[in-house]
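Printed here is run_35.cif (mmCIF, C-alpha atoms and all ligand atoms):
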data_run
loop_
_atom_site.label_atom_id
_atom_site.label_comp_id
_atom_site.auth_asym_id
_atom_site.auth_seq_id
_atom_site.Cartn_x
_atom_site.Cartn_y
_atom_site.Cartn_z
CA MET K 808 21.04 -43.73 53.83
CA ALA K 809 17.38 -42.78 53.82
CA LYS K 810 15.44 -43.74 50.71
CA THR K 811 13.05 -41.23 49.18
CA LEU K 812 9.43 -41.76 48.26
CA LEU K 813 7.71 -39.09 46.17
CA LEU K 814 3.91 -38.96 46.34
CA LEU K 815 2.00 -37.56 43.35
CA PRO K 816 -1.64 -37.75 44.51
CA GLY K 817 -3.05 -36.20 41.30
CA ASP K 818 -6.77 -35.84 40.66
CA GLY K 819 -10.20 -37.26 41.49
CA ILE K 820 -9.95 -40.08 44.02
CA GLY K 821 -6.14 -39.99 43.69
CA PRO K 822 -5.56 -37.75 46.73
CA GLU K 823 -8.04 -39.73 48.87
CA VAL K 824 -6.46 -43.12 48.26
CA THR K 825 -2.89 -41.80 48.33
CA GLN K 826 -3.61 -40.29 51.75
CA VAL K 827 -4.12 -43.81 53.11
CA SER K 828 -0.81 -44.98 51.59
CA ALA K 829 0.91 -41.90 53.01
CA GLN K 830 -0.33 -42.84 56.48
CA ILE K 831 0.98 -46.37 56.07
CA ALA K 832 4.37 -45.11 54.84
CA GLN K 833 4.50 -42.75 57.85
CA TRP K 834 3.67 -45.63 60.16
CA ALA K 835 6.46 -47.72 58.60
CA ARG K 836 8.88 -44.86 59.10
CA GLU K 837 7.83 -44.02 62.65
CA SER K 838 7.86 -47.65 63.76
CA GLY K 839 11.41 -47.96 62.46
CA ARG K 840 10.51 -50.51 59.76
CA ILE K 841 12.14 -48.38 57.05
CA ASP K 842 14.32 -45.30 56.76
CA VAL K 843 12.38 -43.30 54.19
CA GLU K 844 11.82 -39.64 53.47
CA ILE K 845 8.39 -38.83 52.10
CA ALA K 846 7.80 -35.86 49.81
CA SER K 847 4.77 -34.81 47.79
CA ALA K 848 4.14 -32.77 44.63
CA LEU K 849 1.26 -31.66 42.44
CA PHE K 850 0.61 -33.60 39.27
CA GLY K 851 -1.98 -33.84 36.49
CA GLY K 852 -5.05 -31.61 36.61
CA ALA K 853 -4.10 -30.26 40.02
CA GLN K 854 -0.79 -29.09 38.54
CA ILE K 855 -2.56 -27.65 35.47
CA ASP K 856 -4.76 -25.57 37.77
CA ALA K 857 -1.65 -24.26 39.54
CA THR K 858 0.74 -23.69 36.62
CA GLY K 859 -1.00 -24.49 33.32
CA GLU K 860 0.94 -27.68 32.65
CA PRO K 861 0.33 -31.21 33.98
CA LEU K 862 3.94 -32.00 34.82
CA THR K 863 6.65 -29.46 35.59
CA ASP K 864 10.38 -29.92 35.02
CA VAL K 865 10.85 -29.57 38.78
CA THR K 866 8.59 -32.56 39.38
CA VAL K 867 10.32 -34.58 36.65
CA ALA K 868 13.66 -33.90 38.35
CA ALA K 869 12.24 -34.84 41.77
CA ALA K 870 10.81 -38.08 40.34
CA LYS K 871 14.12 -39.05 38.75
CA ALA K 872 15.98 -38.27 41.98
CA ALA K 873 13.61 -40.31 44.18
CA ASP K 874 13.88 -44.05 44.77
CA ALA K 875 10.17 -44.58 44.18
CA VAL K 876 7.23 -42.49 43.00
CA LEU K 877 3.69 -43.33 44.13
CA LEU K 878 1.02 -41.87 41.90
CA GLY K 879 -2.70 -41.56 42.69
CA ALA K 880 -4.67 -40.97 39.50
CA VAL K 881 -4.87 -38.26 36.86
CA GLY K 882 -7.55 -36.64 34.75
CA GLY K 883 -11.18 -35.65 34.95
CA PRO K 884 -13.95 -33.89 33.03
CA ARG K 885 -12.63 -30.48 34.07
CA TRP K 886 -9.54 -30.90 31.85
CA ALA K 887 -11.02 -33.16 29.15
CA THR K 888 -11.52 -30.41 26.58
CA MET K 889 -7.96 -29.09 26.77
CA PRO K 890 -5.57 -29.56 23.84
CA TYR K 891 -4.44 -33.15 23.77
CA ASP K 892 -0.79 -32.53 24.60
CA ARG K 893 -1.60 -30.43 27.67
CA ARG K 894 -4.06 -32.78 29.34
CA PRO K 895 -3.30 -34.60 32.61
CA GLU K 896 -2.89 -37.90 30.72
CA ALA K 897 -0.13 -36.34 28.60
CA GLY K 898 1.69 -35.56 31.84
CA LEU K 899 1.46 -39.20 32.87
CA LEU K 900 2.83 -40.41 29.53
CA ARG K 901 5.67 -37.91 29.77
CA LEU K 902 6.49 -39.01 33.32
CA ARG K 903 6.63 -42.67 32.23
CA ALA K 904 8.89 -41.75 29.30
CA GLU K 905 11.16 -39.45 31.33
CA MET K 906 11.60 -42.07 34.05
CA GLU K 907 12.18 -44.72 31.33
CA VAL K 908 9.95 -47.18 33.14
CA TYR K 909 9.38 -49.46 30.18
CA ALA K 910 7.95 -52.48 32.00
CA ASN K 911 4.60 -52.23 33.76
CA LEU K 912 3.97 -55.08 36.19
CA ARG K 913 0.25 -55.50 36.83
CA PRO K 914 -0.56 -58.42 39.11
CA ALA K 915 -4.15 -59.62 38.94
CA ILE K 916 -4.68 -61.60 42.13
CA CYS K 917 -8.04 -62.72 43.43
CA PHE K 918 -7.96 -62.48 47.23
CA ALA K 919 -9.81 -65.57 48.52
CA PRO K 920 -12.64 -63.70 50.29
CA LEU K 921 -13.35 -61.72 47.10
CA ALA K 922 -13.96 -64.70 44.80
CA GLY K 923 -17.70 -64.02 45.09
CA ALA K 924 -17.30 -60.33 44.21
CA SER K 925 -16.31 -60.96 40.60
CA THR K 926 -18.98 -60.93 37.90
CA LEU K 927 -17.53 -64.32 36.89
CA LYS K 928 -18.36 -67.52 38.77
CA PRO K 929 -16.23 -67.95 41.92
CA GLU K 930 -14.90 -71.32 40.72
CA VAL K 931 -13.48 -69.61 37.61
CA VAL K 932 -11.56 -66.91 39.51
CA ALA K 933 -10.72 -68.47 42.89
CA GLY K 934 -6.93 -68.63 43.26
CA LEU K 935 -6.33 -66.41 40.23
CA ASP K 936 -2.75 -65.08 40.09
CA ILE K 937 -1.71 -63.54 36.78
CA LEU K 938 1.15 -61.12 36.27
CA PHE K 939 0.79 -58.79 33.31
CA VAL K 940 4.04 -57.37 31.99
CA ARG K 941 2.87 -54.49 29.82
CA GLU K 942 5.33 -52.55 27.66
CA LEU K 943 4.88 -48.94 28.82
CA THR K 944 7.01 -46.44 26.93
CA GLY K 945 6.54 -47.44 23.29
CA GLY K 946 3.99 -48.68 20.78
CA VAL K 947 1.00 -46.72 19.59
CA TYR K 948 1.00 -44.52 22.73
CA PHE K 949 4.23 -42.85 21.62
CA GLY K 950 4.76 -43.69 17.92
CA GLU K 951 5.31 -40.96 15.32
CA PRO K 952 3.74 -39.66 13.20
CA ARG K 953 0.67 -38.83 15.23
CA GLY K 954 -1.95 -36.12 15.07
CA ILE K 955 -5.12 -34.91 13.42
CA GLU K 956 -4.86 -33.18 10.05
CA THR K 957 -7.34 -31.60 7.66
CA LEU K 958 -7.24 -32.98 4.13
CA ALA K 959 -7.62 -30.96 0.91
CA ASP K 960 -11.24 -32.10 0.53
CA GLY K 961 -12.06 -30.87 4.04
CA GLN K 962 -12.15 -34.28 5.68
CA ARG K 963 -10.07 -34.79 8.79
CA ARG K 964 -7.59 -37.61 9.30
CA GLY K 965 -6.38 -38.95 12.66
CA VAL K 966 -3.08 -40.81 12.77
CA ASN K 967 -1.26 -42.88 15.37
CA THR K 968 1.66 -45.17 14.72
CA HIS K 969 2.17 -48.58 16.27
CA VAL K 970 5.93 -49.10 16.27
CA TYR K 971 8.44 -51.26 18.16
CA THR K 972 12.17 -51.82 17.83
CA THR K 973 14.17 -54.93 18.73
CA ASP K 974 15.57 -53.36 21.89
CA GLU K 975 12.19 -52.14 23.11
CA ILE K 976 10.77 -55.65 22.74
CA ARG K 977 13.75 -57.46 24.23
CA ARG K 978 14.17 -55.37 27.37
CA VAL K 979 10.54 -55.79 28.46
CA ALA K 980 10.58 -59.48 27.49
CA ARG K 981 13.60 -59.99 29.77
CA ILE K 982 11.57 -58.66 32.70
CA ALA K 983 8.71 -61.04 31.83
CA PHE K 984 11.02 -64.06 31.64
CA ALA K 985 12.83 -63.09 34.86
CA SER K 986 9.48 -62.62 36.64
CA ALA K 987 8.28 -66.02 35.41
CA ARG K 988 11.32 -67.63 37.02
CA THR K 989 10.07 -66.44 40.41
CA ARG K 990 6.55 -67.79 39.72
CA GLN K 991 5.23 -70.78 37.75
CA GLY K 992 7.81 -70.34 34.99
CA ARG K 993 5.38 -69.69 32.12
CA VAL K 994 5.17 -66.68 29.79
CA CYS K 995 2.39 -66.14 27.27
CA SER K 996 3.36 -63.43 24.75
CA VAL K 997 0.40 -61.61 23.24
CA GLU K 998 0.22 -59.59 20.00
CA LYS K 999 -1.66 -59.39 16.68
CA GLY K 1000 1.10 -60.73 14.45
CA ASN K 1001 -1.55 -62.01 12.04
CA VAL K 1002 -2.34 -58.46 10.93
CA MET K 1003 0.42 -56.18 12.25
CA GLU K 1004 4.10 -56.23 11.29
CA ALA K 1005 5.09 -54.78 14.66
CA GLY K 1006 3.23 -57.72 16.23
CA LEU K 1007 5.07 -60.19 14.03
CA LEU K 1008 8.39 -58.61 14.99
CA TRP K 1009 7.33 -58.85 18.64
CA ARG K 1010 6.71 -62.58 18.27
CA GLU K 1011 10.01 -63.18 16.43
CA GLU K 1012 12.11 -61.22 18.92
CA VAL K 1013 10.50 -62.81 21.98
CA THR K 1014 10.99 -66.27 20.42
CA ALA K 1015 14.67 -65.57 19.64
CA LEU K 1016 15.42 -64.16 23.10
CA HIS K 1017 13.71 -67.14 24.72
CA ALA K 1018 15.75 -69.61 22.67
CA ALA K 1019 19.00 -67.79 23.45
CA GLU K 1020 18.63 -67.12 27.18
CA TYR K 1021 15.46 -68.39 28.81
CA GLY K 1022 15.08 -72.02 27.74
CA ASP K 1023 14.06 -72.98 31.29
CA VAL K 1024 10.91 -70.80 31.01
CA GLU K 1025 7.90 -72.13 29.08
CA LEU K 1026 6.92 -69.71 26.29
CA SER K 1027 3.63 -69.66 24.40
CA HIS K 1028 2.12 -67.09 22.02
CA MET K 1029 -1.47 -65.92 21.74
CA LEU K 1030 -3.27 -63.43 19.54
CA ALA K 1031 -4.66 -60.54 21.55
CA ASP K 1032 -8.30 -61.11 20.57
CA ASN K 1033 -8.09 -64.73 21.67
CA CYS K 1034 -6.36 -63.64 24.91
CA SER K 1035 -9.26 -61.35 25.77
CA MET K 1036 -11.60 -64.32 25.35
CA GLN K 1037 -9.40 -66.77 27.27
CA LEU K 1038 -9.15 -64.29 30.16
CA VAL K 1039 -12.86 -64.61 30.84
CA LYS K 1040 -13.14 -68.26 29.77
CA ASN K 1041 -10.30 -69.82 31.74
CA PRO K 1042 -8.15 -67.12 33.35
CA ARG K 1043 -6.17 -69.50 35.54
CA GLN K 1044 -4.38 -70.94 32.50
CA PHE K 1045 -2.10 -67.88 32.61
CA ASP K 1046 1.01 -67.21 34.70
CA VAL K 1047 2.83 -64.23 33.11
CA ILE K 1048 1.25 -62.37 30.18
CA LEU K 1049 3.76 -60.29 28.20
CA THR K 1050 2.21 -57.75 25.87
CA ASP K 1051 2.50 -54.32 24.29
CA ASN K 1052 1.35 -50.96 25.61
CA LEU K 1053 -2.15 -50.84 24.11
CA PHE K 1054 -3.10 -54.51 24.49
CA GLY K 1055 -1.71 -54.40 28.04
CA ASP K 1056 -3.94 -51.45 28.85
CA LEU K 1057 -7.04 -53.28 27.60
CA LEU K 1058 -6.32 -56.77 28.88
CA SER K 1059 -5.32 -55.64 32.36
CA ASP K 1060 -8.66 -53.85 32.76
CA THR K 1061 -10.42 -57.08 31.80
CA ALA K 1062 -8.35 -58.96 34.37
CA ALA K 1063 -9.29 -56.37 36.99
CA MET K 1064 -12.89 -57.56 36.90
CA LEU K 1065 -11.74 -61.12 37.56
CA THR K 1066 -10.38 -59.98 40.92
CA GLY K 1067 -13.67 -58.47 42.07
CA SER K 1068 -12.94 -54.79 41.57
CA ILE K 1069 -10.53 -52.54 39.71
CA GLY K 1070 -10.13 -50.89 43.11
CA MET K 1071 -7.92 -53.83 44.13
CA LEU K 1072 -5.27 -53.71 41.40
CA PRO K 1073 -1.82 -52.16 41.95
CA SER K 1074 0.96 -51.71 39.42
CA ALA K 1075 4.69 -51.15 39.29
CA ALA K 1076 6.44 -49.50 36.37
CA ILE K 1077 10.12 -50.29 36.34
CA GLY K 1078 13.11 -49.79 34.09
CA ASP K 1079 16.73 -50.81 34.25
CA ALA K 1080 18.02 -52.06 37.62
CA GLY K 1081 18.86 -49.25 40.04
CA ARG K 1082 16.51 -46.73 38.44
CA PRO K 1083 13.48 -45.37 40.35
CA GLY K 1084 10.14 -47.09 39.86
CA LEU K 1085 6.71 -45.55 39.32
CA TYR K 1086 3.88 -47.14 41.27
CA GLU K 1087 0.20 -46.54 40.63
CA PRO K 1088 -3.18 -48.13 41.12
CA ILE K 1089 -4.54 -49.19 37.75
CA HIS K 1090 -7.90 -47.53 38.43
CA GLY K 1091 -8.40 -44.01 37.17
CA SER K 1092 -9.48 -40.82 38.90
CA ALA K 1093 -13.16 -41.94 39.13
CA PRO K 1094 -14.64 -38.41 39.04
CA ASP K 1095 -18.12 -39.80 39.76
CA ILE K 1096 -17.15 -40.74 43.32
CA ALA K 1097 -14.31 -38.27 43.95
CA GLY K 1098 -14.47 -36.22 47.14
CA GLN K 1099 -16.92 -38.55 48.87
CA GLY K 1100 -14.39 -40.56 50.86
CA ILE K 1101 -15.75 -43.87 49.58
CA ALA K 1102 -13.03 -44.99 47.15
CA ASN K 1103 -11.26 -48.29 47.76
CA PRO K 1104 -7.68 -47.49 48.87
CA CYS K 1105 -6.44 -51.11 48.48
CA ALA K 1106 -4.97 -50.65 44.98
CA SER K 1107 -2.92 -47.68 46.20
CA VAL K 1108 -1.84 -49.49 49.37
CA LEU K 1109 -0.83 -52.56 47.37
CA SER K 1110 1.06 -50.26 44.96
CA LEU K 1111 2.94 -48.88 47.97
CA ALA K 1112 3.77 -52.47 48.92
CA MET K 1113 5.17 -53.02 45.42
CA ALA K 1114 7.27 -49.85 45.83
CA PHE K 1115 8.66 -51.18 49.10
CA ARG K 1116 9.52 -54.48 47.42
CA HIS K 1117 10.91 -53.34 44.07
CA SER K 1118 12.47 -49.94 44.81
CA LEU K 1119 12.92 -49.47 48.54
CA ASP K 1120 14.58 -52.74 49.46
CA ALA K 1121 11.87 -53.61 51.98
CA GLY K 1122 10.35 -56.89 50.81
CA GLY K 1123 9.38 -57.93 54.34
CA LEU K 1124 7.42 -54.75 54.85
CA ALA K 1125 5.72 -55.26 51.50
CA ALA K 1126 4.63 -58.75 52.55
CA SER K 1127 3.30 -57.36 55.86
CA ILE K 1128 1.21 -54.76 54.03
CA GLU K 1129 -0.18 -57.37 51.64
CA ALA K 1130 -1.00 -59.63 54.58
CA ALA K 1131 -2.71 -56.74 56.39
CA VAL K 1132 -4.93 -56.04 53.37
CA GLY K 1133 -5.74 -59.76 53.18
CA ARG K 1134 -6.67 -59.86 56.85
CA VAL K 1135 -8.97 -56.84 56.62
CA LEU K 1136 -10.77 -58.46 53.69
CA ASP K 1137 -10.96 -61.77 55.59
CA ASN K 1138 -12.66 -59.89 58.40
CA GLY K 1139 -15.35 -58.80 55.96
CA LEU K 1140 -14.63 -55.07 55.64
CA ARG K 1141 -15.61 -53.88 52.15
CA THR K 1142 -15.74 -50.54 50.38
CA ARG K 1143 -18.68 -49.79 48.06
CA ASP K 1144 -17.06 -51.16 44.91
CA LEU K 1145 -17.04 -54.55 46.66
CA GLY K 1146 -20.62 -54.29 47.87
CA GLY K 1147 -19.85 -52.95 51.36
CA SER K 1148 -20.24 -49.60 53.06
CA ALA K 1149 -16.80 -48.97 54.57
CA SER K 1150 -15.28 -45.58 53.81
CA THR K 1151 -11.77 -45.01 52.45
CA ALA K 1152 -10.68 -43.98 55.97
CA ASP K 1153 -12.35 -47.05 57.59
CA MET K 1154 -10.39 -49.31 55.27
CA GLY K 1155 -7.15 -47.40 55.87
CA ASN K 1156 -7.58 -47.49 59.66
CA ALA K 1157 -8.28 -51.22 59.58
CA ILE K 1158 -5.15 -51.89 57.49
CA LEU K 1159 -3.08 -49.77 59.89
CA ALA K 1160 -4.54 -51.59 62.89
CA ALA K 1161 -3.72 -54.97 61.33
CA LEU K 1162 -0.16 -53.80 60.69
CA ALA K 1163 0.25 -52.40 64.20
CA ASP K 1164 -0.94 -55.77 65.56
CA GLY K 1165 2.58 -56.90 64.88
CA ASP K 1166 2.05 -60.58 64.07
CA ILE K 1167 2.01 -60.09 60.31
C1 LIG I 1201 -3.59 -46.93 32.66
C2 LIG I 1201 -4.41 -45.76 32.18
C3 LIG I 1201 -3.53 -44.83 31.36
C4 LIG I 1201 -3.06 -45.61 30.16
C5 LIG I 1201 -4.18 -43.51 30.97
C6 LIG I 1201 -4.71 -42.73 32.15
C7 LIG I 1201 -3.23 -42.64 30.16
O1 LIG I 1201 -5.51 -46.22 31.48
O2 LIG I 1201 -2.55 -46.70 33.31
O3 LIG I 1201 -3.98 -48.07 32.41
O4 LIG I 1201 -3.79 -45.72 29.15
O5 LIG I 1201 -1.93 -46.12 30.21
MG MG I 1202 -5.80 -48.32 31.55
#

Go ahead and express the file in the form of structure tokens.
Amino acid sequence: MAKTLLLLPGDGIGPEVTQVSAQIAQWARESGRIDVEIASALFGGAQIDATGEPLTDVTVAAAKAADAVLLGAVGGPRWATMPYDRRPEAGLLRLRAEMEVYANLRPAICFAPLAGASTLKPEVVAGLDILFVRELTGGVYFGEPRGIETLADGQRRGVNTHVYTTDEIRRVARIAFASARTRQGRVCSVEKGNVMEAGLLWREEVTALHAAEYGDVELSHMLADNCSMQLVKNPRQFDVILTDNLFGDLLSDTAAMLTGSIGMLPSAAIGDAGRPGLYEPIHGSAPDIAGQGIANPCASVLSLAMAFRHSLDAGGLAASIEAAVGRVLDNGLRTRDLGGSASTADMGNAILAALADGDI
């Protein structure tokens, strides 16, 4: 039976980079590499402009019914002054929650020809291969109470709540341990248990789960502030980094710079086995360069590859796409973020040509 892929291009550079992934998915379909139906829907600011809300119930239903959802990016200055709960970003958080994709896999891989593109010395980042497993549907992003209130003396008070339960910690930790088994077998769990109870609970639960079920995996713990330092000091010490929603957001952006450009980093958000996954580049909508056709499409294309691997049962196709991106970089083609002058379309055409070549 045909699988279904739902595209949510979103805002800013989202539609430009998703267009390249759409072409690659079409190529895969037309060349008989995969039986997939491709649909598309508005999301984020583009959806707000059309209907007043960032995510409609119709789109939520379509996302839940699909096998994989590929998102572009959401948000931009045009919607930044809207009430908080109606902004594009609120639509993204709702989509993650509705799809129950609680584990966000963010690989930070330094492609060999890009070692010189990082702001860090090439010898520090060459060969880098870290997998972040970021908790995605809990923590301070979703905790209650939250809001801004006015106090009796006229001051205002902003509140967010950092909260985790045993189950929320254990289910994402399982994905980190299982991922480590397919890699170097090492998990570093990151929190601030020295100042936060929810961080202490995180450490205790991860330790207990490890002892009970994952003794073959090496587990270490690190405080989040130290992790941010170690990531720029000696990033290759890490294999899998397991962390919460907020620290995962911050630390994965840091890791992005180790790979040369945030324009290279894909992500996969997954939940329980058999449920649809949500795939998105980790870069944002980049309003400063939107509409110019110069954005790097690699993060979107590599996110599509992750969708093929994790949700569409097409691991071989995923590997071909990753190899095609590697070959194009080997040949020296670079978008602006990597110091080159190739356009989004140039990069997309080169990836398609490498794929059509057939020997990868
Ligand atoms: C990310 C982004 C999002 C997040 C924003 C756009 C809500 O920064 O996916 O890393 O904070 O999770
Ligand atoms: Mg982020």

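Restricting the atom set to all atoms listed in the file, one finds that the residues within 10 Å of ligand MG 1202 (chain I) amount to Asn1052, Leu1053, Phe1054, Gly1055, Asp1056, Leu1057, Leu1058, Ser1059, Asp1060, Thr1061, Pro1088, Ile1089, His1090 and Gly1091 of chain K.
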
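Considering the residues K:Arg1143, K:Arg1134, K:His969, K:Arg901 and counting all atoms listed in the file, ligand LIG 1201 (chain I) has its shortest atom-to-atom contact with K:Arg901.
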
Nearby residues (all atoms listed in the file) at most 12 Å from Ile982 (chain K), same-chain spacing under 2 positions excluded, as an mmCIF file with C-alpha atoms, in the frame of the given file:
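Generated file (out-v6.cif):
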data_model
loop_
_atom_site.group_PDB
_atom_site.id
_atom_site.type_symbol
_atom_site.label_atom_id
_atom_site.label_comp_id
_atom_site.auth_asym_id
_atom_site.auth_seq_id
_atom_site.Cartn_x
_atom_site.Cartn_y
_atom_site.Cartn_z
ATOM 1 C CA VAL K 908 9.950 -47.180 33.140
ATOM 2 C CA TYR K 909 9.380 -49.460 30.180
ATOM 3 C CA ALA K 910 7.950 -52.480 32.000
ATOM 4 C CA ASN K 911 4.600 -52.230 33.760
ATOM 5 C CA LEU K 912 3.970 -55.080 36.190
ATOM 6 C CA LEU K 938 1.150 -61.120 36.270
ATOM 7 C CA PHE K 939 0.790 -58.790 33.310
ATOM 8 C CA VAL K 940 4.040 -57.370 31.990
ATOM 9 C CA ARG K 941 2.870 -54.490 29.820
ATOM 10 C CA GLU K 942 5.330 -52.550 27.660
ATOM 11 C CA GLU K 975 12.190 -52.140 23.110
ATOM 12 C CA ILE K 976 10.770 -55.650 22.740
ATOM 13 C CA ARG K 977 13.750 -57.460 24.230
ATOM 14 C CA ARG K 978 14.170 -55.370 27.370
ATOM 15 C CA VAL K 979 10.540 -55.790 28.460
ATOM 16 C CA ALA K 980 10.580 -59.480 27.490
ATOM 17 C CA PHE K 984 11.020 -64.060 31.640
ATOM 18 C CA ALA K 985 12.830 -63.090 34.860
ATOM 19 C CA SER K 986 9.480 -62.620 36.640
ATOM 20 C CA ALA K 987 8.280 -66.020 35.410
ATOM 21 C CA ARG K 988 11.320 -67.630 37.020
ATOM 22 C CA THR K 989 10.070 -66.440 40.410
ATOM 23 C CA VAL K 994 5.170 -66.680 29.790
ATOM 24 C CA VAL K 1013 10.500 -62.810 21.980
ATOM 25 C CA LEU K 1016 15.420 -64.160 23.100
ATOM 26 C CA HIS K 1017 13.710 -67.140 24.720
ATOM 27 C CA TYR K 1021 15.460 -68.390 28.810
ATOM 28 C CA VAL K 1047 2.830 -64.230 33.110
ATOM 29 C CA ILE K 1048 1.250 -62.370 30.180
ATOM 30 C CA LEU K 1049 3.760 -60.290 28.200
ATOM 31 C CA THR K 1050 2.210 -57.750 25.870
ATOM 32 C CA ALA K 1076 6.440 -49.500 36.370
ATOM 33 C CA ILE K 1077 10.120 -50.290 36.340
ATOM 34 C CA GLY K 1078 13.110 -49.790 34.090
ATOM 35 C CA ASP K 1079 16.730 -50.810 34.250
ATOM 36 C CA ALA K 1080 18.020 -52.060 37.620
#

Using all atoms listed in the file, which residues sit within 8 Å of region 1081-1083 of chain K once same-chain residues fewer than 5 positions away are excluded, as a VMD selection string?
chain K and resid 870 to 876 906 1118

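Reported to one decimal place, the separation of CA of Gln1044 (chain K) from CA of Ala922 (chain K) is 16.8 Å.
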
Could you tell me, as a PyMOL selection string, which residues have any atom at most 12 Å from (-7.9, -33.8, 27.4), counting only C-alpha atoms?
chain K and resi 851-852+855+860-861+881-898

Can I get the selection written as a PDB file, keeping the file's coordinate frame, with C-alpha atoms?
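Once written, result.pdb looks like this:
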ATOM      1  CA  GLY K 851      -1.980 -33.840  36.490  1.00  0.00           C
ATOM      2  CA  GLY K 852      -5.050 -31.610  36.610  1.00  0.00           C
ATOM      3  CA  ILE K 855      -2.560 -27.650  35.470  1.00  0.00           C
ATOM      4  CA  GLU K 860       0.940 -27.680  32.650  1.00  0.00           C
ATOM      5  CA  PRO K 861       0.330 -31.210  33.980  1.00  0.00           C
ATOM      6  CA  VAL K 881      -4.870 -38.260  36.860  1.00  0.00           C
ATOM      7  CA  GLY K 882      -7.550 -36.640  34.750  1.00  0.00           C
ATOM      8  CA  GLY K 883     -11.180 -35.650  34.950  1.00  0.00           C
ATOM      9  CA  PRO K 884     -13.950 -33.890  33.030  1.00  0.00           C
ATOM     10  CA  ARG K 885     -12.630 -30.480  34.070  1.00  0.00           C
ATOM     11  CA  TRP K 886      -9.540 -30.900  31.850  1.00  0.00           C
ATOM     12  CA  ALA K 887     -11.020 -33.160  29.150  1.00  0.00           C
ATOM     13  CA  THR K 888     -11.520 -30.410  26.580  1.00  0.00           C
ATOM     14  CA  MET K 889      -7.960 -29.090  26.770  1.00  0.00           C
ATOM     15  CA  PRO K 890      -5.570 -29.560  23.840  1.00  0.00           C
ATOM     16  CA  TYR K 891      -4.440 -33.150  23.770  1.00  0.00           C
ATOM     17  CA  ASP K 892      -0.790 -32.530  24.600  1.00  0.00           C
ATOM     18  CA  ARG K 893      -1.600 -30.430  27.670  1.00  0.00           C
ATOM     19  CA  ARG K 894      -4.060 -32.780  29.340  1.00  0.00           C
ATOM     20  CA  PRO K 895      -3.300 -34.600  32.610  1.00  0.00           C
ATOM     21  CA  GLU K 896      -2.890 -37.900  30.720  1.00  0.00           C
ATOM     22  CA  ALA K 897      -0.130 -36.340  28.600  1.00  0.00           C
ATOM     23  CA  GLY K 898       1.690 -35.560  31.840  1.00  0.00           C
TER      24      GLY K 898
END

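Proximity of K:Thr1142, K:Asn1156, K:Gln1099, K:Thr944 to ligand LIG 1201 (chain I), computed with all atoms listed in the file, is greatest for K:Thr944.
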
Rounded to one decimal place, report the CA of Glu1087 (chain K)-atom C5 of ligand LIG 1201 (chain I) distance in Å.
11.0 Å

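Shortest separation to Val827 (chain K) among K:Asp974, K:Glu1020, K:Asp1153, K:Asp1164 occurs at residue K:Asp1153, atoms counted being all atoms listed in the file.
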
Centre and edge lengths of an axis-aligned box around all listed atoms of ligand LIG 1201 (chain I), with 6 Å added on each side, are to be given in Å to one decimal, as AutoDock Vina command-line options.
--center_x -3.7 --center_y -45.4 --center_z 31.2 --size_x 15.6 --size_y 17.4 --size_z 16.2

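Here CA of Met1113 (chain K) and CA of Pro822 (chain K) stand 18.7 Å from one another.
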
Generate the missing atoms of region 937-947 of chain K up to N, CA and C atoms and report them as a PDB file, in the frame of the given file.
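Listed below is the output, selection-v1.pdb:
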ATOM      1  N   ILE K 937      -2.341 -63.827  38.076  1.00  0.00           N
ATOM      2  CA  ILE K 937      -1.710 -63.540  36.780  1.00  0.00           C
ATOM      3  C   ILE K 937      -0.807 -62.331  36.966  1.00  0.00           C
ATOM      4  N   LEU K 938       0.329 -62.327  36.312  1.00  0.00           N
ATOM      5  CA  LEU K 938       1.150 -61.120  36.270  1.00  0.00           C
ATOM      6  C   LEU K 938       1.206 -60.609  34.833  1.00  0.00           C
ATOM      7  N   PHE K 939       0.628 -59.426  34.611  1.00  0.00           N
ATOM      8  CA  PHE K 939       0.790 -58.790  33.310  1.00  0.00           C
ATOM      9  C   PHE K 939       2.111 -58.048  33.289  1.00  0.00           C
ATOM     10  N   VAL K 940       2.871 -58.213  32.220  1.00  0.00           N
ATOM     11  CA  VAL K 940       4.040 -57.370  31.990  1.00  0.00           C
ATOM     12  C   VAL K 940       3.722 -56.598  30.712  1.00  0.00           C
ATOM     13  N   ARG K 941       3.326 -55.347  30.915  1.00  0.00           N
ATOM     14  CA  ARG K 941       2.870 -54.490  29.820  1.00  0.00           C
ATOM     15  C   ARG K 941       4.016 -53.554  29.412  1.00  0.00           C
ATOM     16  N   GLU K 942       4.335 -53.514  28.131  1.00  0.00           N
ATOM     17  CA  GLU K 942       5.330 -52.550  27.660  1.00  0.00           C
ATOM     18  C   GLU K 942       4.729 -51.156  27.869  1.00  0.00           C
ATOM     19  N   LEU K 943       5.515 -50.182  28.367  1.00  0.00           N
ATOM     20  CA  LEU K 943       4.880 -48.940  28.820  1.00  0.00           C
ATOM     21  C   LEU K 943       5.386 -47.659  28.181  1.00  0.00           C
ATOM     22  N   THR K 944       6.488 -47.710  27.458  1.00  0.00           N
ATOM     23  CA  THR K 944       7.010 -46.440  26.930  1.00  0.00           C
ATOM     24  C   THR K 944       7.143 -46.454  25.408  1.00  0.00           C
ATOM     25  N   GLY K 945       6.462 -47.395  24.754  1.00  0.00           N
ATOM     26  CA  GLY K 945       6.540 -47.440  23.290  1.00  0.00           C
ATOM     27  C   GLY K 945       5.185 -47.751  22.681  1.00  0.00           C
ATOM     28  N   GLY K 946       5.229 -48.290  21.460  1.00  0.00           N
ATOM     29  CA  GLY K 946       3.990 -48.680  20.780  1.00  0.00           C
ATOM     30  C   GLY K 946       3.165 -47.493  20.343  1.00  0.00           C
ATOM     31  N   VAL K 947       1.880 -47.733  20.178  1.00  0.00           N
ATOM     32  CA  VAL K 947       1.000 -46.720  19.590  1.00  0.00           C
ATOM     33  C   VAL K 947       0.812 -45.507  20.509  1.00  0.00           C
TER      34      VAL K 947
END
